[in-house]
$ cat final.cif   # mmCIF, C-alpha atoms and all ligand atoms
data_data
loop_
_atom_site.label_atom_id
_atom_site.label_comp_id
_atom_site.auth_asym_id
_atom_site.auth_seq_id
_atom_site.Cartn_x
_atom_site.Cartn_y
_atom_site.Cartn_z
CA MET A 1 0.00 0.00 0.00
CA LEU A 2 3.01 2.31 0.48
CA LYS A 3 4.41 1.46 -2.98
CA LEU A 4 7.45 -0.32 -1.61
CA ASP A 5 8.73 -3.43 -3.40
CA SER A 6 8.94 -6.51 -1.26
CA VAL A 7 9.93 -10.13 -1.50
CA LEU A 8 8.61 -12.89 0.71
CA ILE A 9 10.91 -15.64 1.98
CA ASP A 10 9.77 -18.71 3.89
CA ALA A 11 11.51 -21.90 4.94
CA LEU A 12 8.31 -23.86 4.29
CA PRO A 13 7.10 -24.82 0.80
CA ASP A 14 3.84 -22.84 1.29
CA ILE A 15 3.08 -19.46 2.79
CA GLY A 16 0.77 -19.19 5.78
CA GLY A 17 3.03 -19.99 8.75
CA GLN A 18 1.33 -21.72 11.68
CA CYS A 19 -2.18 -21.26 10.24
CA ALA A 20 -1.34 -23.29 7.13
CA ALA A 21 1.10 -25.74 8.68
CA LEU A 22 -0.34 -26.44 12.13
CA TYR A 23 -4.10 -25.88 12.18
CA PRO A 24 -5.54 -25.32 8.69
CA GLU A 25 -8.97 -26.74 9.56
CA LYS A 26 -9.47 -24.99 12.90
CA PRO A 27 -11.83 -22.03 12.94
CA ILE A 28 -10.39 -18.76 14.25
CA TYR A 29 -12.92 -16.52 15.99
CA ASP A 30 -11.00 -13.31 16.63
CA ILE A 31 -10.10 -12.03 13.17
CA PRO A 32 -11.94 -8.71 12.72
CA ALA A 33 -14.93 -8.93 10.37
CA HIS A 34 -14.80 -12.74 10.38
CA PRO A 35 -17.09 -14.15 13.07
CA GLY A 36 -15.35 -17.48 12.40
CA ILE A 37 -12.92 -18.46 9.65
CA GLU A 38 -10.91 -21.62 9.11
CA ALA A 39 -7.16 -20.93 9.26
CA ALA A 40 -6.57 -22.24 5.71
CA MET A 41 -9.37 -19.96 4.42
CA LEU A 42 -7.80 -16.96 6.18
CA ILE A 43 -4.54 -17.66 4.35
CA GLU A 44 -6.42 -18.10 1.07
CA GLN A 45 -8.11 -14.71 1.56
CA LEU A 46 -4.78 -13.09 2.43
CA GLU A 47 -3.32 -14.60 -0.76
CA ARG A 48 -6.13 -12.95 -2.75
CA GLN A 49 -5.52 -9.68 -0.95
CA ILE A 50 -1.78 -9.54 -1.79
CA ALA A 51 -2.22 -10.82 -5.38
CA PRO A 52 -2.41 -7.32 -6.98
CA PHE A 53 0.92 -6.40 -5.37
CA ALA A 54 2.57 -9.64 -6.63
CA PRO A 55 5.52 -9.84 -4.23
CA ARG A 56 8.22 -12.24 -5.43
CA ARG A 57 8.35 -15.39 -3.34
CA PHE A 58 11.32 -17.47 -2.31
CA LEU A 59 9.77 -20.52 -0.70
CA ASN A 60 11.35 -23.67 0.70
CA GLN A 61 14.42 -21.72 1.71
CA ARG A 62 15.59 -20.48 5.04
CA VAL A 63 17.28 -17.11 5.45
CA GLU A 64 20.69 -18.10 6.75
CA GLN A 65 22.72 -14.92 6.57
CA LEU A 66 21.89 -11.31 7.17
CA SER A 67 24.60 -8.69 6.76
CA GLY A 68 24.98 -5.02 5.83
CA ALA A 69 23.37 -1.96 7.32
CA SER A 70 20.19 0.08 7.11
CA GLY A 71 19.41 0.89 3.47
CA ASP A 72 21.74 -1.82 2.15
CA PHE A 73 21.22 -5.33 3.55
CA THR A 74 22.20 -8.63 1.96
CA LEU A 75 20.32 -11.81 2.79
CA VAL A 76 21.45 -15.25 1.72
CA THR A 77 19.14 -18.27 1.79
CA GLY A 78 20.01 -21.93 2.19
CA THR A 79 19.74 -22.45 -1.56
CA GLY A 80 22.30 -19.69 -2.20
CA GLN A 81 19.74 -17.08 -3.28
CA VAL A 82 21.14 -13.59 -2.60
CA ILE A 83 18.66 -10.80 -1.94
CA HIS A 84 19.53 -7.12 -1.50
CA ALA A 85 17.10 -5.04 0.54
CA GLY A 86 16.89 -1.58 2.02
CA ALA A 87 15.11 -2.92 5.09
CA VAL A 88 14.20 -6.30 6.53
CA ILE A 89 11.10 -7.46 8.38
CA ILE A 90 11.55 -10.65 10.37
CA ALA A 91 8.26 -12.50 10.88
CA ALA A 92 9.85 -15.81 11.85
CA GLY A 93 7.23 -16.95 14.37
CA ALA A 94 8.40 -18.66 17.53
CA GLY A 95 11.15 -21.18 17.79
CA ALA A 96 11.78 -21.34 14.03
CA PHE A 97 14.46 -18.71 14.05
CA GLY A 98 17.51 -20.71 12.96
CA PRO A 99 21.24 -20.06 13.19
CA ASN A 100 22.89 -17.25 11.27
CA ARG A 101 25.44 -19.32 9.32
CA PRO A 102 28.75 -17.53 8.90
CA PRO A 103 29.65 -16.87 5.24
CA LEU A 104 32.67 -19.21 5.07
CA ASP A 105 33.78 -21.26 2.07
CA GLY A 106 33.36 -25.01 2.44
CA LEU A 107 31.31 -24.62 5.66
CA GLU A 108 28.94 -27.46 4.78
CA ALA A 109 31.64 -30.17 4.86
CA PHE A 110 32.56 -29.12 8.41
CA GLU A 111 28.89 -29.09 9.45
CA THR A 112 28.42 -32.65 8.20
CA THR A 113 31.18 -34.02 10.43
CA GLY A 114 30.01 -31.99 13.46
CA SER A 115 33.21 -29.88 13.46
CA VAL A 116 30.89 -26.85 13.17
CA GLN A 117 27.75 -26.89 15.31
CA TYR A 118 25.19 -24.21 16.08
CA TYR A 119 23.68 -25.77 19.20
CA VAL A 120 25.44 -27.76 21.88
CA LYS A 121 23.50 -31.02 21.87
CA ARG A 122 25.92 -33.01 24.06
CA ARG A 123 28.34 -31.06 26.22
CA GLU A 124 30.49 -34.19 26.73
CA GLU A 125 31.38 -34.18 23.01
CA PHE A 126 33.67 -31.24 23.70
CA ARG A 127 35.71 -32.89 26.44
CA GLY A 128 39.43 -32.54 25.69
CA LYS A 129 38.73 -30.60 22.46
CA ARG A 130 40.05 -27.24 21.31
CA VAL A 131 36.89 -25.19 20.83
CA VAL A 132 36.48 -21.86 19.06
CA ILE A 133 33.32 -19.99 20.06
CA ALA A 134 32.34 -17.05 17.87
CA GLY A 135 29.86 -14.42 19.03
CA GLY A 136 29.20 -11.91 21.73
CA GLY A 137 25.72 -12.74 23.04
CA ASP A 138 24.42 -14.87 25.89
CA SER A 139 24.84 -18.19 24.03
CA ALA A 140 28.49 -17.51 23.19
CA VAL A 141 29.36 -16.39 26.70
CA ASP A 142 27.35 -19.09 28.52
CA TRP A 143 28.88 -21.90 26.44
CA ALA A 144 32.39 -20.48 26.80
CA LEU A 145 31.95 -20.60 30.59
CA SER A 146 30.42 -24.05 30.56
CA LEU A 147 32.85 -25.69 28.11
CA SER A 148 35.90 -24.19 29.85
CA GLU A 149 35.24 -26.81 32.56
CA LEU A 150 35.95 -29.75 30.23
CA ALA A 151 37.45 -28.59 26.91
CA ALA A 152 41.24 -28.65 26.35
CA LYS A 153 41.06 -25.06 25.25
CA VAL A 154 38.29 -22.47 24.72
CA MET A 155 38.87 -19.51 22.40
CA VAL A 156 36.26 -16.75 22.15
CA VAL A 157 36.27 -14.78 18.91
CA HIS A 158 34.40 -11.47 18.97
CA ARG A 159 34.55 -8.28 16.94
CA ARG A 160 34.42 -6.00 19.94
CA ALA A 161 35.62 -6.00 23.52
CA LYS A 162 32.04 -5.46 24.73
CA PHE A 163 29.76 -8.50 25.09
CA ARG A 164 25.98 -8.41 24.91
CA ALA A 165 25.40 -10.96 27.66
CA ALA A 166 24.16 -10.97 31.26
CA PRO A 167 26.55 -8.80 33.35
CA GLU A 168 27.37 -11.61 35.82
CA SER A 169 28.29 -13.94 32.93
CA CYS A 170 30.52 -11.23 31.43
CA SER A 171 32.33 -10.76 34.75
CA ARG A 172 32.90 -14.51 35.03
CA LEU A 173 34.25 -14.54 31.44
CA ASP A 174 36.69 -11.71 32.31
CA GLN A 175 37.78 -13.64 35.38
CA LEU A 176 38.42 -16.91 33.48
CA ALA A 177 40.25 -14.96 30.75
CA ALA A 178 42.46 -13.30 33.41
CA GLU A 179 43.21 -16.76 34.87
CA GLY A 180 44.22 -17.97 31.39
CA ARG A 181 41.40 -20.54 31.26
CA ILE A 182 39.72 -18.90 28.26
CA ASP A 183 41.56 -17.22 25.36
CA MET A 184 39.91 -14.00 24.20
CA VAL A 185 40.45 -13.44 20.48
CA ILE A 186 39.38 -9.79 20.14
CA PRO A 187 38.78 -7.79 17.91
CA TYR A 188 38.61 -10.57 15.34
CA GLN A 189 35.99 -12.18 13.15
CA LEU A 190 35.81 -15.50 11.30
CA LYS A 191 37.63 -15.55 7.97
CA ALA A 192 38.09 -19.18 6.84
CA LEU A 193 38.17 -22.78 7.96
CA ARG A 194 40.92 -25.26 7.12
CA GLY A 195 40.98 -29.00 7.52
CA GLU A 196 40.85 -32.34 5.73
CA ALA A 197 37.66 -34.17 4.75
CA GLY A 198 35.50 -31.95 6.94
CA ARG A 199 37.72 -32.45 10.02
CA LEU A 200 38.56 -28.99 11.30
CA GLU A 201 42.22 -28.15 11.95
CA THR A 202 42.44 -24.37 11.80
CA VAL A 203 40.03 -21.47 12.20
CA VAL A 204 41.41 -18.40 10.45
CA VAL A 205 40.30 -15.10 11.97
CA GLU A 206 40.98 -11.54 10.90
CA THR A 207 40.67 -7.98 12.19
CA LEU A 208 38.69 -5.33 10.34
CA GLU A 209 42.06 -4.16 8.97
CA GLY A 210 42.61 -7.63 7.45
CA GLU A 211 45.27 -8.81 9.90
CA GLU A 212 44.96 -12.63 10.03
CA LYS A 213 45.61 -15.14 12.77
CA ASP A 214 45.37 -18.97 12.77
CA LEU A 215 43.67 -20.75 15.66
CA ALA A 216 44.39 -24.48 15.90
CA ALA A 217 41.01 -26.02 16.75
CA ASP A 218 38.88 -29.18 16.61
CA CYS A 219 35.48 -27.50 16.58
CA LEU A 220 33.75 -24.21 15.97
CA LEU A 221 30.56 -23.00 17.62
CA PRO A 222 29.35 -19.88 15.79
CA PHE A 223 26.71 -18.06 17.81
CA ALA A 224 26.35 -15.06 15.52
CA GLU A 225 22.71 -14.61 16.59
CA TRP A 226 22.14 -12.25 13.69
CA GLY A 227 23.68 -9.43 15.71
CA LEU A 228 20.24 -8.94 17.23
CA ALA A 229 19.63 -8.54 20.91
CA LEU A 230 17.43 -11.52 21.81
CA GLU A 231 15.27 -12.20 24.84
CA ARG A 232 14.51 -15.90 25.31
CA HIS A 233 14.50 -16.49 21.52
CA HIS A 234 12.27 -13.48 20.92
CA ILE A 235 13.34 -10.19 19.39
CA PRO A 236 12.70 -7.07 21.48
CA VAL A 237 11.39 -4.22 19.33
CA GLN A 238 10.45 -0.58 19.75
CA PHE A 239 6.74 -0.55 20.24
CA ALA A 240 5.91 2.31 17.86
CA THR A 241 7.92 1.04 14.87
CA CYS A 242 8.78 -2.63 15.52
CA GLU A 243 12.42 -1.79 14.85
CA THR A 244 14.94 -4.18 16.44
CA SER A 245 18.33 -3.39 17.96
CA ILE A 246 19.69 -3.23 14.39
CA PRO A 247 18.53 -0.06 12.57
CA GLY A 248 16.64 -1.06 9.42
CA VAL A 249 15.75 -4.53 10.72
CA PHE A 250 12.20 -4.89 12.00
CA ALA A 251 10.42 -7.80 13.69
CA ILE A 252 6.69 -8.48 13.79
CA GLY A 253 4.32 -11.25 14.81
CA ASP A 254 5.10 -13.98 17.33
CA VAL A 255 8.88 -13.48 17.19
CA ALA A 256 8.64 -9.82 18.24
CA THR A 257 8.34 -8.84 21.87
CA TYR A 258 7.64 -5.69 23.86
CA GLN A 259 5.83 -4.90 27.07
CA GLY A 260 2.21 -6.01 26.80
CA LYS A 261 2.75 -8.09 23.65
CA LEU A 262 -0.17 -10.32 22.64
CA LYS A 263 0.68 -13.21 20.33
CA LEU A 264 -2.36 -12.76 18.12
CA ILE A 265 -2.75 -12.63 14.35
CA LEU A 266 -4.55 -9.32 14.79
CA GLN A 267 -1.49 -7.88 16.52
CA GLY A 268 0.80 -9.12 13.72
CA PHE A 269 -1.26 -7.28 11.10
CA SER A 270 -1.01 -4.04 13.02
CA GLU A 271 2.74 -4.46 13.63
CA ALA A 272 3.23 -5.04 9.88
CA ALA A 273 1.57 -1.68 9.12
CA MET A 274 3.68 0.12 11.75
CA ALA A 275 6.90 -1.43 10.42
CA ALA A 276 6.02 -0.58 6.79
CA HIS A 277 5.47 3.09 7.67
CA ALA A 278 8.77 3.18 9.61
CA ILE A 279 10.58 1.57 6.66
CA HIS A 280 9.33 4.06 4.05
CA PRO A 281 11.89 6.82 4.86
CA ILE A 282 14.72 4.24 4.85
CA VAL A 283 13.88 2.88 1.41
CA ARG A 284 12.63 6.12 -0.12
CA PRO A 285 14.74 8.78 1.63
CA GLY A 286 13.43 12.28 1.04
CA ALA A 287 10.10 11.09 -0.43
CA ALA A 288 7.09 12.42 1.43
CA LEU A 289 4.75 9.81 2.83
CA HIS A 290 1.21 11.13 3.04
CA PHE A 291 -1.05 9.11 5.25
CA GLU A 292 -3.89 7.89 3.08
CA TYR A 293 -6.69 5.40 3.48
CA SER A 294 -6.93 2.41 1.15
CA THR A 295 -10.37 3.66 0.16
CA SER A 296 -8.69 6.67 -1.51
CA LYS A 297 -5.56 4.89 -2.72
CA GLY A 298 -7.13 1.77 -4.18
CA VAL A 299 -4.97 -1.18 -5.26
CA PRO A 300 -3.16 -1.95 -8.53
CA ALA A 301 -5.27 -3.88 -11.06
CA ALA A 302 -4.63 -7.61 -10.50
C1 LIG A 401 -3.32 -24.36 17.43
C2 LIG A 401 -3.17 -22.86 17.34
C3 LIG A 401 -4.28 -22.07 17.39
C4 LIG A 401 -4.18 -20.68 17.29
N1 LIG A 401 -5.31 -19.92 17.34
C5 LIG A 401 -5.22 -18.56 17.20
C6 LIG A 401 -6.40 -17.76 17.22
O1 LIG A 401 -7.51 -18.25 17.38
N2 LIG A 401 -6.25 -16.41 17.06
C7 LIG A 401 -5.04 -15.83 16.90
O2 LIG A 401 -4.96 -14.61 16.74
N3 LIG A 401 -3.88 -16.58 16.92
C8 LIG A 401 -3.97 -17.93 17.06
N4 LIG A 401 -2.81 -18.68 17.08
C9 LIG A 401 -1.51 -17.98 17.01
C10 LIG A 401 -1.18 -17.55 15.58
O3 LIG A 401 -1.20 -18.67 14.70
C11 LIG A 401 0.19 -16.88 15.57
O4 LIG A 401 0.11 -15.72 16.40
C12 LIG A 401 0.59 -16.47 14.16
O5 LIG A 401 0.66 -17.58 13.31
C13 LIG A 401 1.92 -15.74 14.20
O6 LIG A 401 2.26 -15.41 12.88
P1 LIG A 401 3.77 -15.11 12.51
O7 LIG A 401 3.74 -14.73 11.05
O8 LIG A 401 4.38 -14.21 13.48
O9 LIG A 401 4.55 -16.51 12.68
P2 LIG A 401 4.30 -17.97 12.07
O10 LIG A 401 2.86 -18.19 11.71
O11 LIG A 401 4.93 -18.90 13.06
O12 LIG A 401 5.14 -17.96 10.72
C14 LIG A 401 6.53 -17.85 10.75
C15 LIG A 401 7.09 -18.30 9.42
O13 LIG A 401 8.46 -17.93 9.34
C16 LIG A 401 9.17 -18.95 8.69
N5 LIG A 401 10.59 -18.84 9.10
C17 LIG A 401 11.15 -18.88 10.33
N6 LIG A 401 12.47 -18.68 10.29
C18 LIG A 401 12.76 -18.51 8.97
C19 LIG A 401 13.98 -18.28 8.26
N7 LIG A 401 15.16 -18.13 8.89
N8 LIG A 401 13.91 -18.17 6.92
C20 LIG A 401 12.73 -18.29 6.26
N9 LIG A 401 11.55 -18.50 6.88
C21 LIG A 401 11.58 -18.62 8.20
C22 LIG A 401 8.50 -20.23 9.16
O14 LIG A 401 8.70 -21.27 8.22
C23 LIG A 401 7.02 -19.81 9.23
O15 LIG A 401 6.30 -20.10 8.04
C24 LIG A 401 -2.91 -20.07 17.18
C25 LIG A 401 -1.77 -20.88 17.14
C26 LIG A 401 -1.88 -22.26 17.21
C27 LIG A 401 -0.64 -23.11 17.16
#
$ encode --input "final.cif" --output "structure tokens" --more "lines below"
Ligand SMILES: Cc1cc2nc3c(=O)[nH]c(=O)nc-3n(C[C@H](O)[C@H](O)[C@H](O)COP(=O)(O)OP(=O)(O)OC[C@H]3O[C@@H](n4cnc5c(N)ncnc54)[C@H](O)[C@@H]3O)c2cc1C
Amino acid sequence: MLKLDSVLIDALPDIGGQCAALYPEKPIYDIPAHPGIEAAMLIEQLERQIAPFAPRRFLNQRVEQLSGASGDFTLVTGTGQVIHAGAVIIAAGAGAFGPNRPPLDGLEAFETTGSVQYYVKRREEFRGKRVVIAGGGDSAVDWALSLSELAAKVMVVHRRAKFRAAPESCSRLDQLAAEGRIDMVIPYQLKALRGEAGRLETVVVETLEGEEKDLAADCLLPFAEWGLALERHHIPVQFATCETSIPGVFAIGDVATYQGKLKLILQGFSEAAMAAHAIHPIVRPGAALHFEYSTSKGVPAA
């Protein structure tokens, strides 16, 4: 309605999120103007409603990388599709928000052997290993503390000296680093992985100035967390705009959280409108946005 171009990306083969995938035949009773509507029918009606705007769809592919800054983001999906966007709206629901895979050549081979993992499934697997942990959020810090108890060596790679984790965990990290029980590799970021047949031998890191360093390691745990501040797997947003901690990245629907949040479809619709209005000046800088009703604006001919 604001004449912005958009593309729609979903990990599932069909659009419709929970309504289509989890409860298509259940009637929903709290969608305005529908005294009762089956979830699949709601999605069908929404399909009809967006048809005139014809957003491009990238289905069956998960967004795995998000980089760049407001006005110039790059997203990469699991199938290698690269999408450039001025702004991003994350409507990833709850619990489906996967890892932000680091853009490293040959990563897949190391994932297959378990040399690179995004979640710690079995802590014991890391006993006696040399572990590189990348990231600066709660997951990175918590696992560095936990694995330092049994790993041969724990190295924490982070771009900045400041960590975005609970203050008491950060103090404990500082303490273990001072005692030489955790190596802090700062200010570095991941550059490349080396090894044979998917068995990791070296993690190459570099500074922003391109100064490289080799870390001998058996495994890598990248907890990039999209650079977003997260609260129990939800993304805190500014109430009036739905903007996240990253300027130009917005979150709506079940994944977004703020004080008084209601996880309702109704709420998601409203958040989408707020985010779209906040995005307009980012994507069309200098262009005036006059508030208009759809009754005056109409829609493009389908
Ligand atoms: C049984 C049941 C009954 C419900 N009844 C009601 C009701 O009566 N009224 C009501 O208002 N609400 C109801 N809800 C809640 C409602 O369904 C949710 O609030 C709504 O679906 C949230 O929409 P969403 O778009 O935020 O997330 P979702 O519907 O969860 O959609 C998220 C989408 O994001 C995709 N995704 C996630 N991560 C990625 C990624 N990295 N890359 C690409 N795609 C990704 C997922 O595949 C998914 O399709 C009900 C929920 C359930 C389970």
$ residues_near_point --input "final.cif" --point "(9.4, -23.2, 4.7)" --cutoff "9 Å" --atoms "only C-alpha atoms" --output "JSON, numbers by chain"
{"A": [9, 10, 11, 12, 13, 14, 15, 17, 59, 60, 61, 62]}
$ closest_atom_pairs --input "final.cif" --of "chain A" --to "ligand LIG 401 (chain A)" --cutoff "7 Å" --atoms "only C-alpha atoms and all ligand atoms" --output "tab-separated table"
residue	atom	partner	partner_atom	distance
A:Ile9	CA	A:LIG401	C20	5.4
A:Asp10	CA	A:LIG401	N9	3.5
A:Ala11	CA	A:LIG401	N9	3.9
A:Leu12	CA	A:LIG401	O14	4.7
A:Ile15	CA	A:LIG401	O15	6.2
A:Gly16	CA	A:LIG401	O15	6.0
A:Gly17	CA	A:LIG401	O15	3.3
A:Gln18	CA	A:LIG401	O10	3.8
A:Cys19	CA	A:LIG401	O3	5.2
A:Leu22	CA	A:LIG401	C27	6.0
A:Tyr23	CA	A:LIG401	C1	5.5
A:Ile28	CA	A:LIG401	O1	4.3
A:Tyr29	CA	A:LIG401	O1	5.8
A:Asp30	CA	A:LIG401	N2	5.7
A:Ile31	CA	A:LIG401	O2	6.8
A:Gln61	CA	A:LIG401	C20	5.9
A:Arg62	CA	A:LIG401	N8	3.4
A:Val63	CA	A:LIG401	N8	3.8
A:Glu64	CA	A:LIG401	N7	5.9
A:Ala91	CA	A:LIG401	O8	5.0
A:Ala92	CA	A:LIG401	O13	3.6
A:Gly93	CA	A:LIG401	O9	3.2
A:Ala94	CA	A:LIG401	O11	5.7
A:Ala96	CA	A:LIG401	C17	4.5
A:Phe97	CA	A:LIG401	N6	4.3
A:Gly98	CA	A:LIG401	N7	5.4
A:Ile252	CA	A:LIG401	O8	6.2
A:Gly253	CA	A:LIG401	O8	3.2
A:Asp254	CA	A:LIG401	O8	3.9
A:Val255	CA	A:LIG401	O8	5.9
A:Lys263	CA	A:LIG401	O4	4.7
A:Leu264	CA	A:LIG401	O2	3.5
A:Ile265	CA	A:LIG401	O2	3.8
A:Leu266	CA	A:LIG401	O2	5.7
A:Gly268	CA	A:LIG401	O8	6.2
$ closest_residue --input "final.cif" --among "A:Gly210, A:Gly180, A:Gly71, A:Pro27" --to "His280 (chain A)" --atoms "only C-alpha atoms"
A:Gly71
$ closest_residue --input "final.cif" --among "A:Leu230, A:Ile83, A:Ala197, A:Ala301" --to "Pro52 (chain A)" --atoms "all atoms listed in the file"
A:Ala301
$ atom_distance --input "final.cif" --atom1 "CA of Val283 (chain A)" --atom2 "CA of Gln45 (chain A)"
28.2 Å
$ residues_around --input "final.cif" --residues "Asp5 (chain A)" --least-positions-apart "5" --cutoff "12 Å" --atoms "all atoms listed in the file" --output "JSON, numbers by chain"
{"A": [53, 54, 55, 56, 57, 84, 85, 86, 87, 88, 276, 279, 280, 283, 284]}
$ residues_around --input "final.cif" --residues "Phe163 (chain A)" --least-positions-apart "5" --cutoff "12 Å" --atoms "all atoms listed in the file" --output "PyMOL selection string"
chain A and resi 134-142+156-158+168-171+173-174+184+186-187+227+229
